[in-house]
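Scroll down for the structure; my scribbles are underneath it.
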Amino acid sequence: MNLNRVILLWIAALAVGWLAPGRSGGQPVSGLEDLVLREEYRAAIQTYGEIPDLTPMQKYLLAVCYQETRDVKKAEEIWKNLLGSRERERSLLAIARLKGRTGPTLESEQTFRQFLREYPLSTHLPTACLGLAEVPVKRGKKTEALTLLNRIRQEYPFSPEAVAAGGLLNRELGEYTIQVGSFSDYLRAQKLVDDLAADGYDAYLVRIPDQAALSYRVRVGNFSSRAAADRIGRTLKQANRLEYFITH
């Protein structure tokens, strides 16, 4: 399941709670959310596309259905009409992501930056940062893109966006990395990440569930070869007394 699908299903699941009977804005029409969760987008459009009194959240989901059926103009039209509603936050982000896939990269970049200015504490920041990072990748601004991708991996380590950022970093810099610690205590793992980052290393966390317990792995960087990773690993061992091994 790709990242877009994960985000879509999460928003649809959230909608079920938002659209409970008794909310302001009138009695909601039921059933649309279930169709979206089942990915029955055409059925949702056929059933609800002409209903005038949908709630803002339902209109947002209907726009998702249009997008998934490749009617991107209709999707963008609905999201733009929602910018004056309580769904402005999600709609602005949806427009930015849509333009990132189908429109001029400059327009996409401007919309992502607008979102980040307006919603600096949004729960959707990882999605916005990833979308913004993909713009300089397309425009050939590699340094800016790598900075944003590393930020996502460091600041939102357990998000789907961190996984996507890691994949892009692997592609751009190399798939080898150094593991310097494994902890059951998140705070100890995060402290090591912070200490290494303060020393200038691209350190980050990976959360690994196993049969015994949840462990937090501390890893450093991306390298194009095992030899390059080993050189940095030996430096870390000498300077910080950290045992390491190379993984990819």
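So you can find residues: chains in the structure tokens are A, B, ... in the order shown, residues in each start at 1, and ligands are numbered from 1 in order.
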Contact residues around Ala227 in chain A with only C-alpha atoms at 10 Å, ignoring same-chain residues under 6 positions, as a PDB file with all heavy atoms, in the first residue's frame:
```
ATOM      1  N   TYR A 176      23.515   2.032   2.010  1.00  0.00           N
ATOM      2  CA  TYR A 176      24.229   1.554   3.194  1.00  0.00           C
ATOM      3  C   TYR A 176      24.094   2.547   4.336  1.00  0.00           C
ATOM      4  O   TYR A 176      24.124   3.766   4.134  1.00  0.00           O
ATOM      5  CB  TYR A 176      25.713   1.343   2.875  1.00  0.00           C
ATOM      6  CG  TYR A 176      25.968   0.212   1.913  1.00  0.00           C
ATOM      7  CD1 TYR A 176      26.061   0.444   0.552  1.00  0.00           C
ATOM      8  CD2 TYR A 176      26.093  -1.104   2.371  1.00  0.00           C
ATOM      9  CE1 TYR A 176      26.279  -0.600  -0.344  1.00  0.00           C
ATOM     10  CE2 TYR A 176      26.316  -2.147   1.483  1.00  0.00           C
ATOM     11  CZ  TYR A 176      26.402  -1.887   0.125  1.00  0.00           C
ATOM     12  OH  TYR A 176      26.612  -2.917  -0.750  1.00  0.00           O
ATOM     13  N   GLY A 233      32.074   4.550  10.347  1.00  0.00           N
ATOM     14  CA  GLY A 233      31.864   3.704  11.512  1.00  0.00           C
ATOM     15  C   GLY A 233      33.103   3.628  12.389  1.00  0.00           C
ATOM     16  O   GLY A 233      33.009   3.709  13.633  1.00  0.00           O
ATOM     17  N   ILE A 246      27.238  -2.402   9.756  1.00  0.00           N
ATOM     18  CA  ILE A 246      26.716  -1.789   8.541  1.00  0.00           C
ATOM     19  C   ILE A 246      25.515  -2.575   8.058  1.00  0.00           C
ATOM     20  O   ILE A 246      25.534  -3.819   8.061  1.00  0.00           O
ATOM     21  CB  ILE A 246      27.805  -1.750   7.443  1.00  0.00           C
ATOM     22  CG1 ILE A 246      28.984  -0.905   7.936  1.00  0.00           C
ATOM     23  CG2 ILE A 246      27.249  -1.198   6.143  1.00  0.00           C
ATOM     24  CD1 ILE A 246      30.224  -1.060   7.096  1.00  0.00           C
TER      25      ILE A 246
END
```
Practice item. Using DSSP on the backbone coordinates, identify all residues within range 10-141 of chain A classified as helix (DSSP H, G or I); present the result as a ChimeraX atom specification. Key: /A:10-18,32-37,41-48,56-68,72-81,88-102,105-118,125-139
Study note, to complete from the structure: Of A:Ser108, A:Asn222, A:Val193, A:Thr102, the one nearest to Asp71 in chain A when counting only C-alpha atoms is A:Thr102
**Study point:** Contacts of Gly100 in chain A within 10 Å, only C-alpha atoms, excl. fewer than 6 positions in-chain, as a ChimeraX atom specification
**Key:** /A:94,106-109,111-112,131-132,134-135,138
Prev. selection, N, CA, C and O atoms, output as a PDB file, in the first residue's frame:
```pdb
ATOM      1  N   ALA A  94      -4.166  19.218   0.311  1.00  0.00           N
ATOM      2  CA  ALA A  94      -4.559  18.375  -0.820  1.00  0.00           C
ATOM      3  C   ALA A  94      -4.266  19.069  -2.146  1.00  0.00           C
ATOM      4  O   ALA A  94      -3.801  18.437  -3.108  1.00  0.00           O
ATOM      5  N   LEU A 106       6.723  25.078  -9.387  1.00  0.00           N
ATOM      6  CA  LEU A 106       6.790  26.324  -8.629  1.00  0.00           C
ATOM      7  C   LEU A 106       5.481  26.586  -7.895  1.00  0.00           C
ATOM      8  O   LEU A 106       5.479  26.988  -6.730  1.00  0.00           O
ATOM      9  N   GLU A 107       4.364  26.352  -8.557  1.00  0.00           N
ATOM     10  CA  GLU A 107       3.053  26.544  -7.923  1.00  0.00           C
ATOM     11  C   GLU A 107       2.874  25.560  -6.772  1.00  0.00           C
ATOM     12  O   GLU A 107       2.338  25.909  -5.710  1.00  0.00           O
ATOM     13  N   SER A 108       3.322  24.335  -6.954  1.00  0.00           N
ATOM     14  CA  SER A 108       3.252  23.341  -5.892  1.00  0.00           C
ATOM     15  C   SER A 108       4.089  23.780  -4.694  1.00  0.00           C
ATOM     16  O   SER A 108       3.633  23.724  -3.542  1.00  0.00           O
ATOM     17  N   GLU A 109       5.310  24.236  -4.957  1.00  0.00           N
ATOM     18  CA  GLU A 109       6.193  24.686  -3.884  1.00  0.00           C
ATOM     19  C   GLU A 109       5.568  25.829  -3.105  1.00  0.00           C
ATOM     20  O   GLU A 109       5.593  25.845  -1.863  1.00  0.00           O
ATOM     21  N   THR A 111       2.442  26.549  -2.696  1.00  0.00           N
ATOM     22  CA  THR A 111       1.287  26.102  -1.906  1.00  0.00           C
ATOM     23  C   THR A 111       1.733  25.323  -0.681  1.00  0.00           C
ATOM     24  O   THR A 111       1.172  25.479   0.413  1.00  0.00           O
ATOM     25  N   PHE A 112       2.752  24.481  -0.826  1.00  0.00           N
ATOM     26  CA  PHE A 112       3.287  23.773   0.340  1.00  0.00           C
ATOM     27  C   PHE A 112       3.844  24.761   1.362  1.00  0.00           C
ATOM     28  O   PHE A 112       3.628  24.609   2.579  1.00  0.00           O
ATOM     29  N   GLY A 131       6.118  16.506   0.641  1.00  0.00           N
ATOM     30  CA  GLY A 131       5.712  17.095  -0.628  1.00  0.00           C
ATOM     31  C   GLY A 131       6.643  18.223  -1.047  1.00  0.00           C
ATOM     32  O   GLY A 131       7.022  18.333  -2.223  1.00  0.00           O
ATOM     33  N   LEU A 132       7.036  19.056  -0.087  1.00  0.00           N
ATOM     34  CA  LEU A 132       7.947  20.154  -0.386  1.00  0.00           C
ATOM     35  C   LEU A 132       9.317  19.626  -0.785  1.00  0.00           C
ATOM     36  O   LEU A 132       9.979  20.183  -1.661  1.00  0.00           O
ATOM     37  N   GLU A 134       9.948  16.893  -2.381  1.00  0.00           N
ATOM     38  CA  GLU A 134       9.902  16.306  -3.716  1.00  0.00           C
ATOM     39  C   GLU A 134      10.017  17.363  -4.810  1.00  0.00           C
ATOM     40  O   GLU A 134      10.415  17.061  -5.935  1.00  0.00           O
ATOM     41  N   VAL A 135       9.694  18.634  -4.484  1.00  0.00           N
ATOM     42  CA  VAL A 135       9.778  19.704  -5.475  1.00  0.00           C
ATOM     43  C   VAL A 135      11.220  19.969  -5.908  1.00  0.00           C
ATOM     44  O   VAL A 135      11.528  19.940  -7.106  1.00  0.00           O
ATOM     45  N   LYS A 138      12.637  17.332  -8.195  1.00  0.00           N
ATOM     46  CA  LYS A 138      12.235  17.488  -9.599  1.00  0.00           C
ATOM     47  C   LYS A 138      12.971  18.634 -10.270  1.00  0.00           C
ATOM     48  O   LYS A 138      13.230  18.586 -11.478  1.00  0.00           O
TER      49      LYS A 138
END
```
Point to revise | Nearest to Ala197 in chain A by atom-to-atom distance, counting only C-alpha atoms, from A:Lys80, A:Arg151, A:Arg90, A:Lys73 | key: A:Arg151
Exercise for review: Name the residues in contact with Ser182 in chain A at a cut-off of 12 Å, using only C-alpha atoms, excluding same-chain residues fewer than 6 positions from it; report them as a PyMOL selection string.
Suggested key: chain A and resi 188-190+192-193+204-209+213-219+242-245
Point to revise | Nearest residue to Glu77 in chain A from the set A:Gln154, A:Ser91, A:Gln179, A:Ser184 (distances using only C-alpha atoms) | key: A:Ser91
Practice item. Give the strand (DSSP E or B) residues of range 138-236 of chain A, as assigned by DSSP on the backbone, as a count of residues only. Key: 25
**Study point:** Non-local contacts of Arg226 in chain A (10 Å; only C-alpha atoms; under 4 positions in same chain excluded) as a PyMOL selection string
**Key:** chain A and resi 174-178+230-231+246-248
